[in-house]
$ cat my_file_21.cif   # mmCIF, C-alpha atoms and all ligand atoms
data_query
loop_
_atom_site.label_atom_id
_atom_site.label_comp_id
_atom_site.auth_asym_id
_atom_site.auth_seq_id
_atom_site.Cartn_x
_atom_site.Cartn_y
_atom_site.Cartn_z
CA MET A 835 -36.19 -145.18 84.19
CA LEU A 836 -32.47 -145.54 84.88
CA LEU A 837 -30.01 -144.97 82.07
CA ILE A 838 -27.04 -147.34 82.21
CA HIS A 839 -23.77 -147.02 80.32
CA CYS A 840 -22.71 -150.33 78.75
CA PRO A 841 -18.90 -150.43 78.61
CA TYR A 842 -19.03 -152.81 75.63
CA CYS A 843 -21.61 -150.96 73.52
CA GLU A 844 -20.13 -147.62 74.67
CA GLU A 845 -23.64 -146.24 74.84
CA THR A 846 -25.92 -145.08 77.65
CA LEU A 847 -29.12 -147.08 77.32
CA PRO A 848 -32.46 -147.67 79.02
CA GLU A 849 -32.58 -149.91 82.07
CA VAL A 850 -35.10 -152.33 80.50
CA GLU A 851 -32.30 -153.79 78.35
CA PHE A 852 -30.28 -154.74 81.45
CA THR A 853 -30.57 -157.23 84.28
CA TYR A 854 -28.99 -156.99 87.72
CA ALA A 855 -26.65 -159.84 88.61
CA GLY A 856 -25.59 -159.41 92.25
CA GLU A 857 -22.43 -158.29 94.00
CA ALA A 858 -19.27 -157.93 91.92
CA HIS A 859 -15.69 -159.14 92.49
CA ILE A 860 -16.65 -162.42 94.16
CA ALA A 861 -14.14 -164.98 92.97
CA ARG A 862 -15.22 -168.60 92.87
CA PRO A 863 -12.87 -170.71 95.02
CA GLU A 864 -10.36 -172.76 93.04
CA ASN A 865 -11.00 -175.97 94.97
CA PRO A 866 -14.53 -176.10 96.40
CA ALA A 867 -13.99 -179.70 97.59
CA GLU A 868 -11.23 -178.58 99.97
CA MET A 869 -13.28 -175.87 101.64
CA SER A 870 -14.94 -176.11 105.02
CA ASP A 871 -18.71 -175.88 105.09
CA GLU A 872 -18.42 -172.51 106.83
CA ASP A 873 -16.14 -171.04 104.14
CA TRP A 874 -18.33 -172.44 101.39
CA GLN A 875 -21.37 -170.92 103.03
CA GLN A 876 -19.54 -167.58 103.20
CA PHE A 877 -18.75 -167.72 99.49
CA LEU A 878 -22.16 -168.93 98.39
CA PHE A 879 -24.60 -166.95 100.48
CA MET A 880 -23.03 -164.08 102.42
CA ARG A 881 -23.18 -160.69 100.72
CA ASP A 882 -22.39 -157.20 101.96
CA ASN A 883 -25.80 -155.54 101.43
CA VAL A 884 -24.11 -152.14 101.24
CA LYS A 885 -25.99 -148.97 102.05
CA GLY A 886 -24.18 -146.54 99.78
CA ASP A 887 -21.67 -147.17 96.99
CA HIS A 888 -22.00 -150.76 95.87
CA PHE A 889 -19.83 -152.77 93.46
CA GLU A 890 -22.23 -154.92 91.48
CA ARG A 891 -22.66 -156.94 88.30
CA TRP A 892 -25.08 -156.13 85.53
CA ARG A 893 -25.80 -157.83 82.25
CA HIS A 894 -26.75 -156.11 79.00
CA LEU A 895 -29.13 -158.98 78.32
CA HIS A 896 -31.23 -157.43 75.55
CA GLY A 897 -28.25 -155.85 73.81
CA CYS A 898 -24.70 -157.10 73.50
CA GLY A 899 -25.41 -159.84 76.06
CA ARG A 900 -22.33 -159.09 78.17
CA PHE A 901 -21.87 -159.08 81.92
CA PHE A 902 -20.05 -156.02 83.26
CA ASN A 903 -19.44 -154.34 86.61
CA ALA A 904 -20.81 -151.11 87.99
CA VAL A 905 -20.53 -148.89 91.05
CA ARG A 906 -24.00 -147.72 92.06
CA ASN A 907 -25.14 -145.83 95.11
CA THR A 908 -27.90 -147.92 96.65
CA ILE A 909 -29.48 -144.84 98.29
CA THR A 910 -29.58 -142.43 95.34
CA ASP A 911 -29.57 -145.11 92.59
CA LYS A 912 -26.87 -143.05 90.81
CA PHE A 913 -24.22 -144.96 88.84
CA LEU A 914 -20.67 -143.73 89.57
CA THR A 915 -19.18 -145.80 86.79
CA THR A 916 -19.46 -149.01 84.80
CA TYR A 917 -16.50 -151.07 83.59
CA GLU A 918 -15.74 -154.28 81.74
CA ALA A 919 -15.85 -157.63 83.52
CA GLY A 920 -12.36 -158.68 84.57
CA ALA A 921 -11.14 -155.09 84.98
CA PRO A 922 -9.75 -154.26 88.46
CA ARG A 923 -12.01 -152.78 91.12
CA PRO A 924 -11.79 -148.99 90.70
CA ASP A 925 -10.62 -146.84 93.60
CA LEU A 926 -13.77 -145.52 95.25
CA ALA A 927 -12.26 -142.30 96.65
CA ALA A 928 -10.79 -141.29 93.29
CA LEU A 929 -14.06 -142.20 91.60
CA LYS A 930 -16.15 -140.08 93.94
CA SER A 931 -13.91 -137.04 93.61
CA SER A 932 -13.95 -137.32 89.81
CA VAL A 933 -17.74 -137.63 89.83
CA SER A 934 -18.17 -134.58 92.11
CA GLU A 935 -15.69 -132.65 89.93
CA GLY A 936 -17.85 -133.48 86.93
CA GLN A 937 -20.94 -132.15 88.67
CA LYS A 938 -19.39 -128.72 89.42
CA MET B 730 -49.98 -166.70 69.93
CA ASN B 731 -47.17 -168.57 68.23
CA ALA B 732 -46.86 -168.60 64.45
CA PRO B 733 -44.70 -170.47 61.94
CA LEU B 734 -42.43 -168.58 59.53
CA SER B 735 -44.88 -169.40 56.73
CA ALA B 736 -47.47 -167.20 58.45
CA PHE B 737 -45.57 -164.16 57.17
CA PRO B 738 -45.16 -164.31 53.38
CA PRO B 739 -43.89 -161.10 51.76
CA ALA B 740 -46.78 -158.67 51.91
CA THR B 741 -47.84 -155.21 52.96
CA LEU B 742 -49.37 -155.67 56.39
CA ALA B 743 -50.39 -152.11 57.17
CA GLU B 744 -50.29 -148.92 55.16
CA THR B 745 -51.28 -145.51 56.43
CA SER B 746 -50.17 -141.93 55.81
CA ALA B 747 -47.82 -142.33 58.81
CA ALA B 748 -46.01 -145.55 57.96
CA LYS B 749 -46.09 -148.77 56.02
CA VAL B 750 -45.40 -152.13 57.68
CA SER B 751 -44.46 -155.05 55.48
CA SER B 752 -42.91 -158.48 55.81
CA ILE B 753 -40.05 -159.36 53.49
CA LEU B 754 -38.75 -162.64 52.12
CA PRO B 755 -37.05 -164.74 54.73
CA LYS B 756 -33.29 -164.66 54.42
CA VAL B 757 -30.77 -167.17 55.55
CA ARG B 758 -29.55 -166.04 58.96
CA PHE B 759 -26.55 -167.16 60.97
CA SER B 760 -25.33 -166.34 64.43
CA LEU B 761 -21.52 -166.16 64.43
CA ARG B 762 -19.39 -166.16 67.57
CA ALA B 763 -15.63 -165.81 67.44
CA ARG B 764 -12.72 -164.24 69.34
CA GLY B 765 -9.13 -163.40 68.54
CA ASP B 766 -7.70 -162.48 65.17
CA LEU B 767 -10.75 -162.38 62.90
CA ALA B 768 -8.83 -162.04 59.62
CA PRO B 769 -9.53 -165.65 58.49
CA LEU B 770 -13.28 -165.10 58.90
CA ASP B 771 -13.08 -161.76 57.09
CA GLN B 772 -11.52 -163.62 54.17
CA ALA B 773 -13.95 -166.53 54.29
CA LEU B 774 -17.03 -164.31 54.30
CA GLY B 775 -15.67 -161.83 51.77
CA VAL B 776 -16.45 -158.85 54.00
CA ALA B 777 -14.55 -157.32 56.91
CA LEU B 778 -16.52 -158.16 60.06
CA PRO B 779 -17.44 -154.88 61.76
CA ARG B 780 -15.54 -154.59 65.05
CA ARG B 781 -17.76 -152.05 66.81
CA ILE B 782 -21.14 -153.03 68.30
CA GLY B 783 -23.90 -151.55 66.13
CA GLU B 784 -21.85 -151.39 62.93
CA THR B 785 -22.99 -153.19 59.81
CA VAL B 786 -21.43 -154.11 56.49
CA LYS B 787 -23.00 -155.29 53.25
CA GLY B 788 -21.20 -157.23 50.58
CA ALA B 789 -21.41 -160.87 49.63
CA VAL B 790 -23.28 -161.21 52.94
CA GLU B 791 -24.81 -158.62 55.24
CA VAL B 792 -23.32 -158.53 58.74
CA ALA B 793 -24.20 -156.69 61.93
CA CYS B 794 -21.97 -156.67 65.00
CA LEU B 795 -24.26 -157.44 67.96
CA GLY B 796 -21.71 -157.98 70.73
CA PRO B 797 -17.96 -158.00 71.39
CA ASP B 798 -17.72 -161.51 69.93
CA GLU B 799 -21.06 -161.89 68.18
CA TRP B 800 -22.30 -161.17 64.67
CA LEU B 801 -25.54 -161.65 62.77
CA VAL B 802 -24.88 -162.81 59.20
CA LEU B 803 -27.59 -162.56 56.51
CA ALA B 804 -27.09 -164.39 53.23
CA SER B 805 -29.13 -165.53 50.26
CA GLU B 806 -27.89 -169.12 50.52
CA ALA B 807 -26.76 -171.13 53.53
CA ALA B 808 -24.32 -173.65 52.07
CA PRO B 809 -21.65 -171.24 50.72
CA VAL B 810 -21.42 -169.41 54.05
CA ALA B 811 -21.26 -172.62 56.08
CA GLN B 812 -18.60 -174.07 53.77
CA ALA B 813 -16.47 -170.92 53.73
CA CYS B 814 -16.49 -170.70 57.53
CA ALA B 815 -15.83 -174.42 57.92
CA GLY B 816 -12.74 -173.90 55.76
CA VAL B 817 -11.14 -171.60 58.35
CA TYR B 818 -12.34 -173.49 61.41
CA ALA B 819 -8.94 -175.08 62.03
CA THR B 820 -7.21 -171.67 61.94
CA LEU B 821 -9.87 -169.81 63.91
CA PRO B 822 -12.27 -171.95 65.97
CA HIS B 823 -15.69 -170.32 66.05
CA SER B 824 -19.38 -171.08 66.33
CA LEU B 825 -21.68 -170.63 63.32
CA VAL B 826 -25.31 -171.50 63.94
CA GLU B 827 -28.06 -171.20 61.37
CA ILE B 828 -31.03 -169.39 62.92
CA SER B 829 -33.17 -168.94 59.79
CA ALA B 830 -36.07 -170.83 61.33
CA ARG B 831 -36.19 -168.50 64.30
CA GLU B 832 -37.04 -165.07 62.94
CA VAL B 833 -39.14 -163.09 60.51
CA THR B 834 -38.39 -159.57 59.30
CA PHE B 835 -40.71 -156.60 59.22
CA VAL B 836 -39.89 -153.42 57.33
CA ILE B 837 -41.29 -150.19 58.72
CA ASP B 838 -41.02 -147.17 56.46
CA GLY B 839 -42.79 -143.90 55.91
CA PRO B 840 -42.65 -140.30 57.09
CA ARG B 841 -43.37 -141.20 60.73
CA ALA B 842 -41.56 -144.53 60.89
CA SER B 843 -39.16 -143.31 63.58
CA GLU B 844 -42.09 -142.13 65.69
CA LEU B 845 -43.71 -145.52 65.28
CA MET B 846 -40.56 -147.12 66.72
CA THR B 847 -41.03 -145.13 69.95
CA ILE B 848 -44.21 -147.04 70.83
CA GLY B 849 -42.18 -150.14 71.67
CA CYS B 850 -38.51 -149.21 71.94
CA ALA B 851 -37.18 -147.34 74.98
CA ARG B 852 -34.03 -146.23 73.18
CA ASP B 853 -33.58 -142.70 71.86
CA ILE B 854 -34.61 -143.42 68.26
CA ASP B 855 -33.08 -140.14 67.01
CA ALA B 856 -29.69 -141.33 68.31
CA ILE B 857 -29.82 -144.49 66.18
CA ALA B 858 -27.56 -143.90 63.19
CA VAL B 859 -28.61 -144.76 59.66
CA GLY B 860 -26.78 -147.93 58.60
CA SER B 861 -26.55 -149.36 62.12
CA ALA B 862 -28.16 -152.38 63.78
CA ARG B 863 -28.43 -153.64 67.33
CA ARG B 864 -30.31 -156.01 69.53
CA THR B 865 -32.84 -154.24 71.74
CA LEU B 866 -36.29 -154.66 73.27
CA PHE B 867 -39.55 -153.85 71.53
CA ASP B 868 -42.55 -153.99 73.86
CA GLY B 869 -40.84 -156.70 75.91
CA ALA B 870 -39.66 -158.83 72.98
CA THR B 871 -36.03 -159.11 71.89
CA VAL B 872 -35.57 -157.81 68.34
CA THR B 873 -32.72 -156.83 66.07
CA LEU B 874 -33.43 -153.30 64.92
CA TRP B 875 -31.75 -152.04 61.74
CA ARG B 876 -32.02 -148.45 60.56
CA ASP B 877 -31.64 -148.51 56.78
CA ALA B 878 -32.62 -144.85 56.21
CA GLU B 879 -33.94 -141.91 58.20
CA ASP B 880 -37.47 -143.17 57.57
CA ARG B 881 -36.87 -146.89 57.08
CA PHE B 882 -36.32 -149.55 59.76
CA ARG B 883 -35.99 -153.32 59.61
CA MET B 884 -36.94 -155.45 62.57
CA ASP B 885 -35.91 -159.10 62.96
CA VAL B 886 -38.39 -160.70 65.33
CA TRP B 887 -38.52 -164.18 66.83
CA ASN B 888 -41.53 -165.77 65.15
CA SER B 889 -43.17 -166.58 68.47
CA PHE B 890 -43.33 -162.83 69.20
CA ALA B 891 -44.15 -161.77 65.63
CA PRO B 892 -47.97 -161.81 65.78
CA HIS B 893 -47.91 -159.63 68.89
CA LEU B 894 -45.41 -157.13 67.51
CA LEU B 895 -47.08 -157.00 64.12
CA HIS B 896 -50.42 -156.22 65.71
CA LEU B 897 -48.79 -153.50 67.79
CA LEU B 898 -47.18 -151.94 64.69
CA GLN B 899 -50.43 -152.09 62.74
CA VAL B 900 -52.38 -150.35 65.49
CA GLY B 901 -49.57 -147.81 65.96
CA ALA B 902 -49.45 -146.97 62.25
CA ARG B 903 -53.21 -146.39 62.24
CA GLU B 904 -53.14 -144.33 65.43
CA LEU B 905 -50.36 -142.07 64.18
CA ALA B 906 -52.29 -141.52 60.94
CA ALA B 907 -55.47 -140.73 62.85
CA GLU B 908 -53.74 -138.09 64.98
CA SER B 909 -54.28 -134.53 63.91
CA VAL B 910 -50.91 -132.76 64.10
ZN ZN C 1001 -23.88 -153.69 75.71
#
$ encode --input "my_file_21.cif" --output "structure tokens" --more "lines below"
Ligand SMILES: [Zn+2]
Amino acid sequence: MLLIHCPYCEETLPEVEFTYAGEAHIARPENPAEMSDEDWQQFLFMRDNVKGDHFERWRHLHGCGRFFNAVRNTITDKFLTTYEAGAPRPDLAALKSSVSEGQK
Amino acid sequence: MNAPLSAFPPATLAETSAAKVSSILPKVRFSLRARGDLAPLDQALGVALPRRIGETVKGAVEVACLGPDEWLVLASEAAPVAQACAGVYATLPHSLVEISAREVTFVIDGPRASELMTIGCARDIDAIAVGSARRTLFDGATVTLWRDAEDRFRMDVWNSFAPHLLHLLQVGARELAAESV
């Protein structure tokens, strides 16, 4: 079972308390009515399907209830970090070097 | 199977050498949601709302912080709490919902109570501090799990899940007692 760190509870907790909620940092367009069908389709359906480090949303459903963001490697299933919703996208290179430092 | 609150009057529901499972008198329960400067609510409730998830406080009412903007409030009477919070609504808009009809409470205590919790809860039970409370899962059902002492837990359970969880706890208490250690 995966252990996931909830940035709100500040605890690392079993995966069963969490639900996955898709790709992170996708901003809803301000004026959907003004968008072309193609742009709306891009926003609504098209996702990156990353093989590797993926920015994604999770929700601590059976806990504090909050949505938050995470960086998870889709090959190894390892979490590089988790952070509060609304926080800026962390720099991936800096993140990876700090994680590999921590493993030395 | 579903069950009304009245299906769980205060009683001892299982008692073995490992642990005792009992239901306790239903309390008045509220779900409180608020953001911003919480001082008016602290004053209205007569206790300082805990700011960290998992923290609890007991005074005029008993409160557990379940989320960044969510608290569970237990009281002996509903009206005083509702009135006190209504009094500060203009200063601090919030949501206060009575959820008394939703849950029953089981108390699990005894020398192997913490071991009994491991049959349904995936959390590290040893890491749960005495005096804390949180929402978690117990065998697939959402519960609020309080640790009142090293060997005493309180579990608030939605009444639709209560017969299932009670049965699980009863069997678990008997199995732990039957084990030769
Ligand atoms: Zn959480």
$ residues_near_ligand --input "my_file_21.cif" --ligand "ligand ZN 1001 (chain C)" --cutoff "12 Å" --atoms "all atoms listed in the file" --output "count of residues only"
43
$ closest_residue --input "my_file_21.cif" --among "B:Val790, B:Ala811, B:Leu778, B:Ala856" --to "chain A" --atoms "all atoms listed in the file"
B:Ala856
$ residues_around --input "my_file_21.cif" --residues "A:Ala928" --least-positions-apart "6" --cutoff "12 Å" --atoms "all atoms listed in the file" --output "PyMOL selection string"
chain A and resi 914-915+934-935
$ write_last_selection --input "my_file_21.cif" --atoms "C-alpha atoms" --output "PDB file, in the frame of the given file"
ATOM      1  CA  LEU A 914     -20.670-143.730  89.570  1.00  0.00           C
ATOM      2  CA  THR A 915     -19.180-145.800  86.790  1.00  0.00           C
ATOM      3  CA  SER A 934     -18.170-134.580  92.110  1.00  0.00           C
ATOM      4  CA  GLU A 935     -15.690-132.650  89.930  1.00  0.00           C
TER       5      GLU A 935
END
$ closest_residue --input "my_file_21.cif" --among "B:Val776, B:Leu801, B:Val900, B:Ala815" --to "chain A" --atoms "all atoms listed in the file"
B:Leu801
$ atom_distance --input "my_file_21.cif" --atom1 "atom CA of B:Ala870" --atom2 "atom CA of B:Pro840"
24.6 Å
$ atom_distance --input "my_file_21.cif" --atom1 "atom CA of B:Val833" --atom2 "atom CA of B:Ser735"
9.3 Å
$ atom_distance --input "my_file_21.cif" --atom1 "atom CA of B:Ala842" --atom2 "atom CA of B:Thr745"
10.7 Å
$ closest_residue --input "my_file_21.cif" --among "A:Glu868, A:Val850, A:His859, A:Phe877" --to "A:Gly920" --atoms "all atoms listed in the file"
A:His859
$ residues_around --input "my_file_21.cif" --residues "A:Arg906" --least-positions-apart "2" --cutoff "8 Å" --atoms "all atoms listed in the file" --output "MDAnalysis selection string"
chainID A and resid 886:890 904 908 911:915
$ residues_around --input "my_file_21.cif" --residues "A:Gln875" --least-positions-apart "5" --cutoff "12 Å" --atoms "all atoms listed in the file" --output "PyMOL selection string"
chain A and resi 863+866+869-870+880-881
$ write_last_selection --input "my_file_21.cif" --atoms "C-alpha atoms" --output "PDB file, in the frame of the given file"
ATOM      1  CA  PRO A 863     -12.870-170.710  95.020  1.00  0.00           C
ATOM      2  CA  PRO A 866     -14.530-176.100  96.400  1.00  0.00           C
ATOM      3  CA  MET A 869     -13.280-175.870 101.640  1.00  0.00           C
ATOM      4  CA  SER A 870     -14.940-176.110 105.020  1.00  0.00           C
ATOM      5  CA  MET A 880     -23.030-164.080 102.420  1.00  0.00           C
ATOM      6  CA  ARG A 881     -23.180-160.690 100.720  1.00  0.00           C
TER       7      ARG A 881
END
$ closest_residue --input "my_file_21.cif" --among "A:Val905, A:Gln876, A:Glu864, A:Thr910" --to "A:Asp925" --atoms "all atoms listed in the file"
A:Val905
$ decode --input "my_file_21.cif" --residues "stretch 910-932 of chain A" --atoms "N, CA, C and O atoms" --output "PDB file, in the first residue's frame"
ATOM      1  N   THR A 910       7.600   4.401 -11.143  1.00  0.00           N
ATOM      2  CA  THR A 910       7.988   3.792  -9.864  1.00  0.00           C
ATOM      3  C   THR A 910       6.901   3.926  -8.803  1.00  0.00           C
ATOM      4  O   THR A 910       6.978   3.281  -7.767  1.00  0.00           O
ATOM      5  N   ASP A 911       5.905   4.788  -9.053  1.00  0.00           N
ATOM      6  CA  ASP A 911       4.846   5.067  -8.080  1.00  0.00           C
ATOM      7  C   ASP A 911       5.366   5.830  -6.859  1.00  0.00           C
ATOM      8  O   ASP A 911       4.682   5.948  -5.857  1.00  0.00           O
ATOM      9  N   LYS A 912       6.598   6.349  -6.929  1.00  0.00           N
ATOM     10  CA  LYS A 912       7.153   7.110  -5.798  1.00  0.00           C
ATOM     11  C   LYS A 912       6.653   8.554  -5.834  1.00  0.00           C
ATOM     12  O   LYS A 912       6.638   9.189  -6.883  1.00  0.00           O
ATOM     13  N   PHE A 913       6.257   9.079  -4.674  1.00  0.00           N
ATOM     14  CA  PHE A 913       5.867  10.474  -4.562  1.00  0.00           C
ATOM     15  C   PHE A 913       7.108  11.325  -4.325  1.00  0.00           C
ATOM     16  O   PHE A 913       7.879  11.047  -3.404  1.00  0.00           O
ATOM     17  N   LEU A 914       7.336  12.362  -5.174  1.00  0.00           N
ATOM     18  CA  LEU A 914       8.456  13.265  -4.936  1.00  0.00           C
ATOM     19  C   LEU A 914       8.080  14.303  -3.890  1.00  0.00           C
ATOM     20  O   LEU A 914       8.880  14.680  -3.062  1.00  0.00           O
ATOM     21  N   THR A 915       6.841  14.781  -3.963  1.00  0.00           N
ATOM     22  CA  THR A 915       6.373  15.726  -2.954  1.00  0.00           C
ATOM     23  C   THR A 915       4.854  15.836  -3.031  1.00  0.00           C
ATOM     24  O   THR A 915       4.231  15.383  -4.001  1.00  0.00           O
ATOM     25  N   THR A 916       4.265  16.398  -2.010  1.00  0.00           N
ATOM     26  CA  THR A 916       2.863  16.811  -2.055  1.00  0.00           C
ATOM     27  C   THR A 916       2.805  18.241  -1.536  1.00  0.00           C
ATOM     28  O   THR A 916       3.647  18.638  -0.731  1.00  0.00           O
ATOM     29  N   TYR A 917       1.853  19.029  -2.017  1.00  0.00           N
ATOM     30  CA  TYR A 917       1.768  20.425  -1.591  1.00  0.00           C
ATOM     31  C   TYR A 917       0.325  20.904  -1.673  1.00  0.00           C
ATOM     32  O   TYR A 917      -0.508  20.304  -2.359  1.00  0.00           O
ATOM     33  N   GLU A 918       0.047  21.983  -0.957  1.00  0.00           N
ATOM     34  CA  GLU A 918      -1.325  22.466  -0.836  1.00  0.00           C
ATOM     35  C   GLU A 918      -1.878  22.942  -2.175  1.00  0.00           C
ATOM     36  O   GLU A 918      -1.137  23.474  -3.009  1.00  0.00           O
ATOM     37  N   ALA A 919      -3.183  22.767  -2.366  1.00  0.00           N
ATOM     38  CA  ALA A 919      -3.840  23.275  -3.560  1.00  0.00           C
ATOM     39  C   ALA A 919      -3.650  24.788  -3.616  1.00  0.00           C
ATOM     40  O   ALA A 919      -3.718  25.462  -2.594  1.00  0.00           O
ATOM     41  N   GLY A 920      -3.374  25.307  -4.809  1.00  0.00           N
ATOM     42  CA  GLY A 920      -3.199  26.750  -4.949  1.00  0.00           C
ATOM     43  C   GLY A 920      -1.741  27.162  -4.855  1.00  0.00           C
ATOM     44  O   GLY A 920      -1.376  28.250  -5.291  1.00  0.00           O
ATOM     45  N   ALA A 921      -0.886  26.298  -4.313  1.00  0.00           N
ATOM     46  CA  ALA A 921       0.545  26.610  -4.249  1.00  0.00           C
ATOM     47  C   ALA A 921       1.129  26.462  -5.659  1.00  0.00           C
ATOM     48  O   ALA A 921       0.624  25.689  -6.471  1.00  0.00           O
ATOM     49  N   PRO A 922       2.203  27.245  -5.962  1.00  0.00           N
ATOM     50  CA  PRO A 922       2.763  27.176  -7.320  1.00  0.00           C
ATOM     51  C   PRO A 922       3.354  25.802  -7.614  1.00  0.00           C
ATOM     52  O   PRO A 922       3.747  25.073  -6.716  1.00  0.00           O
ATOM     53  N   ARG A 923       3.414  25.478  -8.899  1.00  0.00           N
ATOM     54  CA  ARG A 923       4.003  24.224  -9.355  1.00  0.00           C
ATOM     55  C   ARG A 923       5.484  24.190  -8.952  1.00  0.00           C
ATOM     56  O   ARG A 923       6.229  25.106  -9.325  1.00  0.00           O
ATOM     57  N   PRO A 924       5.930  23.201  -8.203  1.00  0.00           N
ATOM     58  CA  PRO A 924       7.339  23.194  -7.785  1.00  0.00           C
ATOM     59  C   PRO A 924       8.270  22.917  -8.964  1.00  0.00           C
ATOM     60  O   PRO A 924       7.860  22.308  -9.955  1.00  0.00           O
ATOM     61  N   ASP A 925       9.507  23.388  -8.850  1.00  0.00           N
ATOM     62  CA  ASP A 925      10.493  23.178  -9.904  1.00  0.00           C
ATOM     63  C   ASP A 925      10.969  21.726  -9.872  1.00  0.00           C
ATOM     64  O   ASP A 925      11.510  21.261  -8.877  1.00  0.00           O
ATOM     65  N   LEU A 926      10.742  21.027 -10.978  1.00  0.00           N
ATOM     66  CA  LEU A 926      10.980  19.581 -11.008  1.00  0.00           C
ATOM     67  C   LEU A 926      12.457  19.237 -10.824  1.00  0.00           C
ATOM     68  O   LEU A 926      12.799  18.312 -10.086  1.00  0.00           O
ATOM     69  N   ALA A 927      13.339  20.010 -11.462  1.00  0.00           N
ATOM     70  CA  ALA A 927      14.774  19.709 -11.366  1.00  0.00           C
ATOM     71  C   ALA A 927      15.255  19.849  -9.926  1.00  0.00           C
ATOM     72  O   ALA A 927      15.962  18.981  -9.399  1.00  0.00           O
ATOM     73  N   ALA A 928      14.852  20.945  -9.277  1.00  0.00           N
ATOM     74  CA  ALA A 928      15.262  21.169  -7.889  1.00  0.00           C
ATOM     75  C   ALA A 928      14.697  20.067  -6.990  1.00  0.00           C
ATOM     76  O   ALA A 928      15.362  19.581  -6.068  1.00  0.00           O
ATOM     77  N   LEU A 929      13.475  19.671  -7.306  1.00  0.00           N
ATOM     78  CA  LEU A 929      12.796  18.647  -6.507  1.00  0.00           C
ATOM     79  C   LEU A 929      13.529  17.317  -6.602  1.00  0.00           C
ATOM     80  O   LEU A 929      13.768  16.641  -5.606  1.00  0.00           O
ATOM     81  N   LYS A 930      13.918  16.965  -7.842  1.00  0.00           N
ATOM     82  CA  LYS A 930      14.567  15.675  -8.042  1.00  0.00           C
ATOM     83  C   LYS A 930      15.946  15.643  -7.392  1.00  0.00           C
ATOM     84  O   LYS A 930      16.335  14.625  -6.823  1.00  0.00           O
ATOM     85  N   SER A 931      16.665  16.778  -7.452  1.00  0.00           N
ATOM     86  CA  SER A 931      17.990  16.770  -6.826  1.00  0.00           C
ATOM     87  C   SER A 931      17.855  16.709  -5.307  1.00  0.00           C
ATOM     88  O   SER A 931      18.648  16.059  -4.638  1.00  0.00           O
ATOM     89  N   SER A 932      16.818  17.365  -4.752  1.00  0.00           N
ATOM     90  CA  SER A 932      16.658  17.312  -3.298  1.00  0.00           C
ATOM     91  C   SER A 932      16.225  15.915  -2.849  1.00  0.00           C
ATOM     92  O   SER A 932      16.619  15.436  -1.797  1.00  0.00           O
TER      93      SER A 932
END
